[in-house]
>>> print(open('coords-v2.csv').read())   # CSV, C-alpha atoms and all ligand atoms
chain,number,residue,atom,x,y,z
A,1,MET,CA,-176.2,29.8,-73.6
A,2,LYS,CA,-178.3,31.8,-71.2
A,3,MET,CA,-177.6,35.5,-71.0
A,4,THR,CA,-177.8,36.7,-67.4
A,5,PHE,CA,-177.1,40.0,-65.5
A,6,ARG,CA,-175.9,40.6,-62.0
A,7,TRP,CA,-178.3,42.2,-59.6
A,8,TYR,CA,-177.3,43.4,-56.1
A,9,GLY,CA,-180.7,43.0,-54.5
A,10,ALA,CA,-183.4,45.4,-53.3
A,11,ASP,CA,-180.9,48.3,-52.9
A,12,ASP,CA,-179.5,48.0,-56.4
A,13,PRO,CA,-180.4,51.1,-58.5
A,14,VAL,CA,-180.3,48.8,-61.5
A,15,THR,CA,-183.6,47.2,-60.8
A,16,LEU,CA,-185.0,43.9,-62.0
A,17,GLN,CA,-187.5,45.9,-64.1
A,18,LYS,CA,-184.7,47.7,-65.9
A,19,ILE,CA,-182.8,44.5,-66.4
A,20,ARG,CA,-185.9,42.8,-67.9
A,21,GLN,CA,-185.9,45.5,-70.6
A,22,ILE,CA,-182.5,44.4,-72.0
A,23,PRO,CA,-183.7,42.3,-74.9
A,24,VAL,CA,-181.6,39.2,-74.5
A,25,VAL,CA,-181.4,38.9,-70.7
A,26,ALA,CA,-183.6,36.2,-69.1
A,27,GLY,CA,-181.5,35.2,-66.1
A,28,ILE,CA,-180.3,36.9,-62.9
A,29,VAL,CA,-177.1,36.4,-60.9
A,30,SER,CA,-177.5,37.4,-57.3
A,31,ALA,CA,-176.9,36.7,-53.6
A,32,LEU,CA,-178.1,37.2,-50.1
A,33,TYR,CA,-176.4,40.3,-48.8
A,34,ASP,CA,-177.7,40.2,-45.2
A,35,VAL,CA,-176.3,36.9,-44.1
A,36,PRO,CA,-173.0,37.2,-42.2
A,37,VAL,CA,-169.9,35.6,-43.7
A,38,GLY,CA,-169.7,32.0,-42.6
A,39,ALA,CA,-173.4,31.6,-41.6
A,40,ALA,CA,-175.6,29.1,-43.4
A,41,TRP,CA,-178.0,30.5,-45.9
A,42,PRO,CA,-181.6,29.8,-44.8
A,43,LEU,CA,-183.8,28.1,-47.3
A,44,GLU,CA,-186.6,30.5,-46.9
A,45,LYS,CA,-184.4,33.5,-47.7
A,46,ILE,CA,-183.1,31.8,-50.9
A,47,VAL,CA,-186.6,30.9,-51.9
A,48,ALA,CA,-187.8,34.5,-51.3
A,49,LEU,CA,-184.9,35.8,-53.5
A,50,LYS,CA,-185.9,33.4,-56.2
A,51,GLU,CA,-189.6,34.4,-56.0
A,52,ARG,CA,-188.7,38.1,-56.2
A,53,VAL,CA,-186.7,37.5,-59.3
A,54,GLU,CA,-189.4,35.3,-60.9
A,55,GLY,CA,-192.0,37.9,-59.9
A,56,ALA,CA,-190.2,40.3,-62.3
A,57,GLY,CA,-190.3,37.8,-65.1
A,58,LEU,CA,-186.7,36.6,-64.8
A,59,ARG,CA,-185.0,33.5,-63.5
A,60,LEU,CA,-182.4,33.2,-60.7
A,61,GLU,CA,-179.7,31.1,-62.5
A,62,VAL,CA,-176.6,31.7,-60.4
A,63,ILE,CA,-175.7,32.5,-56.8
A,64,GLU,CA,-172.6,34.8,-56.9
A,65,SER,CA,-171.2,34.4,-54.3
A,66,ILE,CA,-171.4,32.6,-51.0
A,67,PRO,CA,-168.2,33.9,-49.4
A,68,VAL,CA,-165.7,31.3,-48.1
A,69,HIS,CA,-164.8,32.2,-44.5
A,70,GLU,CA,-161.1,33.2,-44.0
A,71,ASP,CA,-160.7,30.4,-41.4
A,72,ILE,CA,-161.2,27.9,-44.2
A,73,LYS,CA,-158.7,29.6,-46.4
A,74,LEU,CA,-156.3,29.8,-43.5
A,75,GLY,CA,-156.9,26.1,-42.5
A,76,ARG,CA,-157.8,27.0,-38.9
A,77,PRO,CA,-159.6,24.5,-36.7
A,78,GLU,CA,-162.7,26.6,-36.7
A,79,ARG,CA,-163.1,25.7,-40.4
A,80,GLU,CA,-165.1,22.6,-39.4
A,81,ARG,CA,-168.0,24.8,-38.3
A,82,TRP,CA,-167.8,27.1,-41.3
A,83,VAL,CA,-167.7,24.2,-43.8
A,84,ASP,CA,-170.8,22.6,-42.2
A,85,HIS,CA,-172.6,25.9,-42.7
A,86,TYR,CA,-171.3,26.1,-46.3
A,87,MET,CA,-172.7,22.6,-47.0
A,88,GLN,CA,-176.1,23.6,-45.6
A,89,SER,CA,-176.1,26.6,-47.9
A,90,ILE,CA,-175.4,24.4,-50.9
A,91,GLU,CA,-178.1,21.9,-49.9
A,92,ASN,CA,-180.6,24.8,-49.6
A,93,MET,CA,-179.6,26.2,-53.0
A,94,GLY,CA,-180.3,22.7,-54.4
A,95,ARG,CA,-183.7,22.6,-52.6
A,96,ALA,CA,-184.6,26.0,-54.1
A,97,GLY,CA,-183.5,24.8,-57.5
A,98,ILE,CA,-180.7,27.1,-58.2
A,99,PRO,CA,-178.1,25.3,-60.3
A,100,VAL,CA,-174.8,27.2,-60.2
A,101,LEU,CA,-172.7,28.6,-57.3
A,102,CYS,CA,-169.9,31.1,-58.1
A,103,TYR,CA,-167.4,31.5,-55.3
A,104,ASN,CA,-163.7,32.4,-55.0
A,105,PHE,CA,-160.7,31.4,-52.8
A,106,MET,CA,-158.7,34.6,-52.8
A,107,PRO,CA,-157.2,35.5,-49.4
A,108,VAL,CA,-158.5,38.6,-47.7
A,109,PHE,CA,-159.4,40.6,-50.8
A,110,ASP,CA,-161.3,39.6,-53.9
A,111,TRP,CA,-161.1,41.7,-57.0
A,112,THR,CA,-158.8,44.6,-56.5
A,113,ARG,CA,-158.1,47.8,-58.5
A,114,THR,CA,-156.0,50.8,-57.8
A,115,ASP,CA,-158.4,53.3,-59.5
A,116,LEU,CA,-162.2,52.9,-59.6
A,117,SER,CA,-162.8,55.9,-61.9
A,118,LEU,CA,-160.0,56.3,-64.5
A,119,ARG,CA,-161.2,59.0,-66.9
A,120,MET,CA,-160.9,57.8,-70.6
A,121,ALA,CA,-160.5,59.9,-73.7
A,122,ASP,CA,-164.2,59.4,-74.6
A,123,GLY,CA,-165.3,60.8,-71.2
A,124,SER,CA,-166.2,57.4,-69.7
A,125,ASP,CA,-164.8,56.2,-66.4
A,126,THR,CA,-163.3,52.8,-65.9
A,127,LEU,CA,-161.6,50.6,-63.4
A,128,SER,CA,-157.8,50.1,-63.6
A,129,TYR,CA,-154.9,48.3,-61.9
A,130,ARG,CA,-151.3,49.5,-61.7
A,131,ASP,CA,-148.9,47.3,-59.8
A,132,ALA,CA,-146.7,50.3,-58.8
A,133,ALA,CA,-149.8,52.0,-57.3
A,134,LEU,CA,-150.7,48.9,-55.4
A,135,ARG,CA,-147.3,48.7,-53.9
A,136,GLU,CA,-147.6,52.2,-52.6
A,137,ILE,CA,-150.6,51.3,-50.5
A,138,ASP,CA,-149.8,51.0,-46.8
A,139,LEU,CA,-152.1,48.4,-45.2
A,140,SER,CA,-150.7,49.0,-41.7
A,141,ARG,CA,-153.3,51.8,-41.4
A,142,GLY,CA,-156.1,49.5,-42.6
A,143,THR,CA,-157.9,49.4,-46.0
A,144,GLY,CA,-158.6,53.1,-46.3
A,145,GLU,CA,-156.2,53.6,-49.2
A,146,LEU,CA,-157.4,50.6,-51.2
A,147,PRO,CA,-160.1,51.7,-53.6
A,148,GLY,CA,-163.4,49.9,-52.8
A,149,TRP,CA,-162.2,48.4,-49.5
A,150,ALA,CA,-162.3,51.4,-47.2
A,151,ALA,CA,-164.9,49.9,-44.8
A,152,ALA,CA,-164.0,46.2,-45.1
A,153,TYR,CA,-161.6,45.8,-42.2
A,154,THR,CA,-160.4,47.9,-39.3
A,155,ALA,CA,-156.6,48.3,-39.1
A,156,GLY,CA,-156.4,45.8,-36.2
A,157,GLU,CA,-158.5,43.1,-38.0
A,158,LEU,CA,-156.6,43.5,-41.1
A,159,ASN,CA,-153.2,43.2,-39.4
A,160,ARG,CA,-154.2,40.1,-37.5
A,161,LEU,CA,-155.4,38.5,-40.8
A,162,LEU,CA,-152.3,39.5,-42.7
A,163,GLU,CA,-150.2,38.1,-39.9
A,164,ALA,CA,-152.1,34.8,-40.0
A,165,TYR,CA,-151.5,34.5,-43.7
A,166,LYS,CA,-147.7,34.6,-43.2
A,167,ALA,CA,-148.0,30.9,-42.5
A,168,VAL,CA,-150.0,30.2,-45.6
A,169,ASP,CA,-148.0,30.1,-48.8
A,170,GLY,CA,-149.4,29.0,-52.2
A,171,GLU,CA,-149.0,25.2,-51.4
A,172,ARG,CA,-150.8,25.6,-48.1
A,173,LEU,CA,-153.6,27.5,-49.8
A,174,TRP,CA,-153.9,24.6,-52.3
A,175,ASP,CA,-154.1,22.1,-49.3
A,176,ASN,CA,-156.8,24.2,-47.8
A,177,LEU,CA,-158.8,24.5,-51.0
A,178,ALA,CA,-158.5,20.7,-51.4
A,179,TRP,CA,-159.8,20.2,-47.9
A,180,PHE,CA,-162.8,22.5,-48.6
A,181,LEU,CA,-163.6,20.9,-52.0
A,182,GLU,CA,-163.4,17.3,-50.6
A,183,ARG,CA,-166.2,18.3,-48.3
A,184,VAL,CA,-168.4,20.5,-50.4
A,185,VAL,CA,-168.3,19.0,-53.8
A,186,PRO,CA,-170.0,15.7,-52.8
A,187,VAL,CA,-172.8,17.8,-51.3
A,188,ALA,CA,-173.0,19.9,-54.4
A,189,GLU,CA,-173.2,16.7,-56.5
A,190,LYS,CA,-176.1,15.3,-54.4
A,191,SER,CA,-177.9,18.7,-54.4
A,192,GLY,CA,-177.7,19.3,-58.1
A,193,VAL,CA,-175.5,22.4,-57.7
A,194,LYS,CA,-172.4,23.1,-59.8
A,195,MET,CA,-169.5,24.8,-58.0
A,196,ALA,CA,-167.8,27.4,-60.2
A,197,ILE,CA,-164.7,29.0,-58.7
A,198,HIS,CA,-163.9,32.4,-60.0
A,199,PRO,CA,-160.3,33.1,-61.0
A,200,ASP,CA,-158.2,35.4,-58.9
A,201,ASP,CA,-158.4,39.0,-60.1
A,202,PRO,CA,-155.8,40.2,-60.8
A,203,PRO,CA,-154.2,36.8,-61.4
A,204,TRP,CA,-151.1,37.3,-59.3
A,205,SER,CA,-150.1,37.7,-55.7
A,206,ILE,CA,-151.0,41.1,-54.1
A,207,PHE,CA,-149.7,42.3,-50.7
A,208,GLY,CA,-147.7,39.1,-50.4
A,209,LEU,CA,-150.9,37.1,-50.3
A,210,PRO,CA,-150.9,33.9,-52.4
A,211,ARG,CA,-153.2,33.6,-55.4
A,212,ILE,CA,-153.6,30.3,-57.1
A,213,ILE,CA,-156.5,30.3,-59.6
A,214,THR,CA,-154.5,32.2,-62.3
A,215,ASN,CA,-153.8,30.1,-65.4
A,216,GLU,CA,-154.7,26.9,-67.2
A,217,GLU,CA,-152.2,24.7,-65.4
A,218,ASN,CA,-153.6,25.8,-62.0
A,219,ILE,CA,-157.2,25.4,-63.2
A,220,ASN,CA,-156.4,21.9,-64.2
A,221,ARG,CA,-154.9,21.3,-60.8
A,222,LEU,CA,-158.1,22.7,-59.2
A,223,LEU,CA,-160.3,20.4,-61.4
A,224,SER,CA,-158.2,17.4,-60.4
A,225,LEU,CA,-158.4,18.1,-56.6
A,226,VAL,CA,-161.9,16.6,-56.8
A,227,ASP,CA,-162.6,15.1,-60.2
A,228,SER,CA,-166.3,15.6,-60.4
A,229,PRO,CA,-168.5,17.5,-62.9
A,230,ALA,CA,-169.7,19.5,-59.9
A,231,ASN,CA,-166.2,20.9,-59.4
A,232,GLY,CA,-165.9,23.5,-62.1
A,233,ILE,CA,-165.1,27.1,-62.8
A,234,THR,CA,-166.4,30.5,-63.7
A,235,PHE,CA,-164.4,31.4,-66.7
A,236,CYS,CA,-163.7,35.2,-66.4
A,237,THR,CA,-161.9,36.7,-69.4
A,238,GLY,CA,-161.3,39.9,-67.6
A,239,SER,CA,-159.6,38.2,-64.6
A,240,LEU,CA,-157.4,35.8,-66.7
A,241,GLY,CA,-156.8,38.3,-69.5
A,242,PRO,CA,-154.2,40.5,-67.8
A,243,LEU,CA,-151.7,37.6,-68.2
A,244,PRO,CA,-150.9,37.5,-72.0
A,245,GLU,CA,-149.9,33.9,-71.8
A,246,ASN,CA,-153.4,32.9,-71.0
A,247,ASP,CA,-154.8,31.6,-74.3
A,248,LEU,CA,-158.5,32.4,-73.5
A,249,PRO,CA,-160.2,30.8,-76.5
A,250,GLY,CA,-158.0,27.7,-76.2
A,251,MET,CA,-158.8,27.5,-72.5
A,252,VAL,CA,-162.5,27.7,-73.2
A,253,ARG,CA,-162.2,24.9,-75.8
A,254,ARG,CA,-160.1,22.6,-73.5
A,255,ILE,CA,-161.8,23.3,-70.1
A,256,GLY,CA,-165.2,23.8,-71.5
A,257,GLY,CA,-164.8,20.8,-73.7
A,258,ARG,CA,-164.5,18.7,-70.5
A,259,GLY,CA,-167.8,20.2,-69.3
A,260,ARG,CA,-166.1,22.1,-66.5
A,261,ILE,CA,-167.0,25.7,-67.3
A,262,HIS,CA,-170.3,26.3,-65.5
A,263,PHE,CA,-170.5,30.1,-65.8
A,264,ALA,CA,-169.1,32.6,-68.3
A,265,HIS,CA,-168.0,36.1,-67.3
A,266,CYS,CA,-167.2,38.2,-70.3
A,267,ARG,CA,-165.2,41.3,-69.8
A,268,ASN,CA,-162.5,43.0,-71.8
A,269,ILE,CA,-159.3,44.6,-70.5
A,270,ARG,CA,-156.3,46.5,-72.1
A,271,ARG,CA,-152.9,45.6,-70.9
A,272,VAL,CA,-150.6,48.6,-70.7
A,273,GLY,CA,-147.7,47.0,-68.8
A,274,ALA,CA,-146.5,43.7,-67.3
A,275,ARG,CA,-148.9,44.1,-64.4
A,276,ASP,CA,-150.9,47.1,-65.5
A,277,PHE,CA,-154.3,47.1,-67.2
A,278,TYR,CA,-157.6,48.9,-67.4
A,279,GLU,CA,-161.0,47.6,-68.1
A,280,THR,CA,-162.6,48.5,-71.5
A,281,ALA,CA,-166.0,48.1,-73.2
A,282,HIS,CA,-166.7,44.5,-74.1
A,283,PRO,CA,-166.0,44.5,-77.9
A,284,GLY,CA,-162.8,42.8,-79.0
A,285,ALA,CA,-161.5,45.9,-80.7
A,286,ALA,CA,-161.7,47.9,-77.4
A,287,GLY,CA,-159.1,45.8,-75.6
A,288,ASP,CA,-156.8,42.7,-75.6
A,289,VAL,CA,-159.5,40.0,-75.2
A,290,ASP,CA,-160.5,38.5,-78.6
A,291,MET,CA,-164.1,38.2,-77.6
A,292,ALA,CA,-165.4,36.8,-80.9
A,293,ALA,CA,-162.9,34.0,-80.6
A,294,VAL,CA,-163.9,33.3,-77.0
A,295,LEU,CA,-167.6,33.2,-78.0
A,296,LYS,CA,-166.8,30.9,-81.0
A,297,ALA,CA,-165.0,28.6,-78.6
A,298,TYR,CA,-168.0,28.5,-76.3
A,299,ARG,CA,-170.2,27.7,-79.3
A,300,GLU,CA,-167.9,24.9,-80.4
A,301,THR,CA,-168.1,23.3,-76.9
A,302,GLY,CA,-171.9,23.4,-77.0
A,303,PHE,CA,-171.9,25.7,-74.0
A,304,ARG,CA,-175.4,25.8,-72.4
A,305,GLY,CA,-174.7,27.6,-69.1
A,306,PRO,CA,-175.2,31.1,-67.9
A,307,MET,CA,-173.1,34.0,-69.3
A,308,ARG,CA,-173.0,37.5,-68.1
A,309,PRO,CA,-171.4,40.7,-69.2
A,310,ASP,CA,-168.9,41.4,-66.4
A,311,HIS,CA,-167.9,44.9,-65.2
A,312,GLY,CA,-168.9,47.8,-67.4
A,313,ARG,CA,-167.6,51.4,-67.6
A,314,MET,CA,-169.6,54.3,-66.4
A,315,ILE,CA,-171.0,56.1,-69.4
A,316,TRP,CA,-173.7,58.6,-70.3
A,317,GLY,CA,-173.2,60.3,-66.9
A,318,GLU,CA,-174.3,57.3,-64.9
A,319,ALA,CA,-173.1,57.0,-61.3
A,320,GLY,CA,-173.3,53.9,-59.3
A,321,ARG,CA,-171.5,50.8,-57.9
A,322,PRO,CA,-168.1,50.6,-59.6
A,323,GLY,CA,-168.2,48.2,-62.5
A,324,TYR,CA,-172.0,47.6,-62.1
A,325,GLY,CA,-173.8,50.4,-63.8
A,326,LEU,CA,-176.7,49.6,-66.2
A,327,TYR,CA,-175.7,51.1,-69.5
A,328,ASP,CA,-172.3,49.7,-70.4
A,329,ARG,CA,-173.2,46.2,-69.1
A,330,ALA,CA,-176.4,46.3,-71.2
A,331,LEU,CA,-174.4,47.2,-74.3
A,332,GLY,CA,-172.1,44.3,-73.4
A,333,ALA,CA,-175.0,41.8,-73.1
A,334,MET,CA,-176.3,42.9,-76.5
A,335,TYR,CA,-172.8,42.6,-78.1
A,336,LEU,CA,-172.2,39.2,-76.6
A,337,TYR,CA,-175.5,37.9,-77.7
A,338,GLY,CA,-174.9,39.3,-81.2
A,339,LEU,CA,-171.6,37.3,-81.3
A,340,TRP,CA,-173.4,34.2,-80.1
A,341,GLU,CA,-176.3,34.5,-82.6
A,342,GLY,CA,-173.8,35.1,-85.3
A,343,CYS,CA,-171.8,32.0,-84.6
A,344,SER,CA,-174.7,29.8,-83.5
A,345,GLY,CA,-177.7,30.8,-85.6
A,346,GLU,CA,-179.8,30.7,-82.4
A,347,ARG,CA,-182.5,33.2,-82.4
A,348,LYS,CA,-184.4,32.4,-79.2
A,349,LYS,CA,-184.1,34.4,-76.0
A,350,GLY,CA,-182.0,32.9,-73.3
B,1,MN,MN,-165.5,38.0,-63.3
>>> encode(input="coords-v2.csv", output="C-alpha cells")
Amino acid sequence: MKMTFRWYGADDPVTLQKIRQIPVVAGIVSALYDVPVGAAWPLEKIVALKERVEGAGLRLEVIESIPVHEDIKLGRPERERWVDHYMQSIENMGRAGIPVLCYNFMPVFDWTRTDLSLRMADGSDTLSYRDAALREIDLSRGTGELPGWAAAYTAGELNRLLEAYKAVDGERLWDNLAWFLERVVPVAEKSGVKMAIHPDDPPWSIFGLPRIITNEENINRLLSLVDSPANGITFCTGSLGPLPENDLPGMVRRIGGRGRIHFAHCRNIRRVGARDFYETAHPGAAGDVDMAAVLKAYRETGFRGPMRPDHGRMIWGEAGRPGYGLYDRALGAMYLYGLWEGCSGERKKG
C-alpha cells in the first residue's frame, strides 16, 4: 500500500512541503486545474506537474480527476470529440508514467452535501448531508443554494442541463458509460493506466438525476461492461458507507480480490437517518465504517495501490477548502497507516 495525499496544486494552502512532513505519506494525488472540461490534457503540463511533485520529494501516483464531459454522460453526438480528447489525456498520462486515473460518472454534480460546516460537540466543523434539506433546494434559480456549487453553473445553463437529463434514466446512463469505457479502456490498457471510477456520493439519486455506482451489484455490472484489469474502481468508504447494506470489508475482499480496486479512499461517516449522515474523523469508533476491518481486508487481498485519507473535518481553528484541510487528514493518514502496519507488519514508508 502506498499512502498518498490529495494536493490541489499551486494555490493549495496545504503545500507539498507540509504534506511531505506527514511521516507516512510518499505519494500525491492531484490534477491539472487550468484545463477546460473536455479538452485534452497536454503532455508537457502533466510532466510539469509531475516534476513539481518530485521536486518536493514526493511522487505523483494518481490523477484525480479528469472530468468526463456532460455530453458523454448524456450520450450526445458531440461525445465523439470529447472522448477523443479523453483518450489523448490517458495516453499522455501513460507517457508521463502516472499509473492511476480516478474519475466519476455522476450527472451534473459530483459529491454533494447540504452543510459544509456542521459544528460538532467537540468544536470541529464537518460536512453533512440531509435528504430533507436537499429537497428544499430550488435549482430553478441556479446552484446558489447548493453548498459548494454556488459558482458552478448559471441558472440558464443548469436548467438546460437538467432538461437534457430528463431523457437519461439509469439504464441510458449505463449505456453511455459502456460507450465511454469501450473506447477509453483499451487506450488505458495500452498506456499502462488503470481507470478507477469513484462511487457516486451520496450513493442515491439527487434532484431526480440518476446515480449508478452505488453498491456491489452495480460495481460488478460496471466491471463487466469492459472486462479488463484497466477497468477498475476507486473504493471510497465514505461514499458507499451511507447505505448500511454495503458490506464494505466484504466488498474490498471480493472486488479487491479480483484486482479491480486501483485506489483506496478511506473516510468515515455517521448515519443518522435513512438518507442522512455526517462525516467524522477517520477512526472506526468515530462513525459507522469499521475501518480496521476494511484495512484488514485490503491486507488480505495484498493491496499494493495508492490509498488516501479522504475528507477531513476542520479542527484546531483551521480554515480552508471544505473537506481538504491539513490537520484532520494528516491524523487520518497516520491512523490508516497504523492500522496497516498493525495488520501487515510492514515498516517501510510508502
Ligand atoms: Mn472519495
>>> closest_residue(input="coords-v2.csv", among="A:Asp290, A:Glu54, A:Asp110, A:Asp138", to="Ile213 of chain A", atoms="all atoms listed in the file")
A:Asp110
>>> residues_around(input="coords-v2.csv", residues="Glu163 of chain A", least_positions_apart="5", cutoff="12 Å", atoms="all atoms listed in the file", output="list in words")
Leu74, Val108, Leu139, Ser140, Gly156, Glu157, Leu158, Val168, Phe207, Gly208 and Leu209 of chain A
>>> residues_near_ligand(input="coords-v2.csv", ligand="ligand MN 1 (chain B)", cutoff="12 Å", atoms="all atoms listed in the file", output="count of residues only")
44
>>> atom_distance(input="coords-v2.csv", atom1="atom CA of Met87 of chain A", atom2="atom CA of Glu217 of chain A")
27.6 Å
>>> closest_residue(input="coords-v2.csv", among="A:Ser117, A:Asn176, A:Gln17, A:Thr280", to="Gly320 of chain A", atoms="all atoms listed in the file")
A:Ser117
>>> atom_distance(input="coords-v2.csv", atom1="atom CA of Leu32 of chain A", atom2="atom CA of Lys2 of chain A")
21.8 Å
>>> closest_residue(input="coords-v2.csv", among="A:Met93, A:Leu336, A:Ala133, A:Ala319", to="Leu43 of chain A", atoms="all atoms listed in the file")
A:Met93
>>> residues_around(input="coords-v2.csv", residues="Lys45 of chain A", least_positions_apart="5", cutoff="10 Å", atoms="only C-alpha atoms", output="ChimeraX atom specification")
/A:32,34-35,50-51,92,96
>>> closest_residue(input="coords-v2.csv", among="A:Tyr278, A:Trp149, A:Tyr337, A:Tyr8", to="Tyr129 of chain A", atoms="only C-alpha atoms")
A:Tyr278
>>> closest_residue(input="coords-v2.csv", among="A:Leu16, A:Ile315, A:Leu177, A:Ala40", to="Glu91 of chain A", atoms="only C-alpha atoms")
A:Ala40
>>> atom_distance(input="coords-v2.csv", atom1="atom CA of Leu331 of chain A", atom2="atom CA of Tyr33 of chain A")
26.5 Å
>>> residues_near_point(input="coords-v2.csv", point="(-175.0, 17.4, -49.7)", cutoff="9 Å", atoms="all atoms listed in the file", output="JSON, numbers by chain")
{"A": [87, 88, 90, 91, 94, 183, 184, 185, 186, 187, 188, 189, 190, 191]}
>>> residues_around(input="coords-v2.csv", residues="Trp82 of chain A", least_positions_apart="3", cutoff="6 Å", atoms="all atoms listed in the file", output="JSON, numbers by chain")
{"A": [38, 79, 85]}
>>> closest_residue(input="coords-v2.csv", among="A:Arg221, A:His282, A:His262, A:Arg321", to="Asp175 of chain A", atoms="all atoms listed in the file")
A:Arg221
>>> residues_around(input="coords-v2.csv", residues="Gly342 of chain A", least_positions_apart="4", cutoff="12 Å", atoms="only C-alpha atoms", output="list in words")
Ala292, Ala293, Leu295, Lys296, Arg299, Tyr335, Leu336, Tyr337, Gly338, Glu346 and Arg347 of chain A
>>> residues_near_point(input="coords-v2.csv", point="(-161.7, 15.5, -69.4)", cutoff="10 Å", atoms="all atoms listed in the file", output="PyMOL selection string")
chain A and resi 220+223-224+227+229+254-260
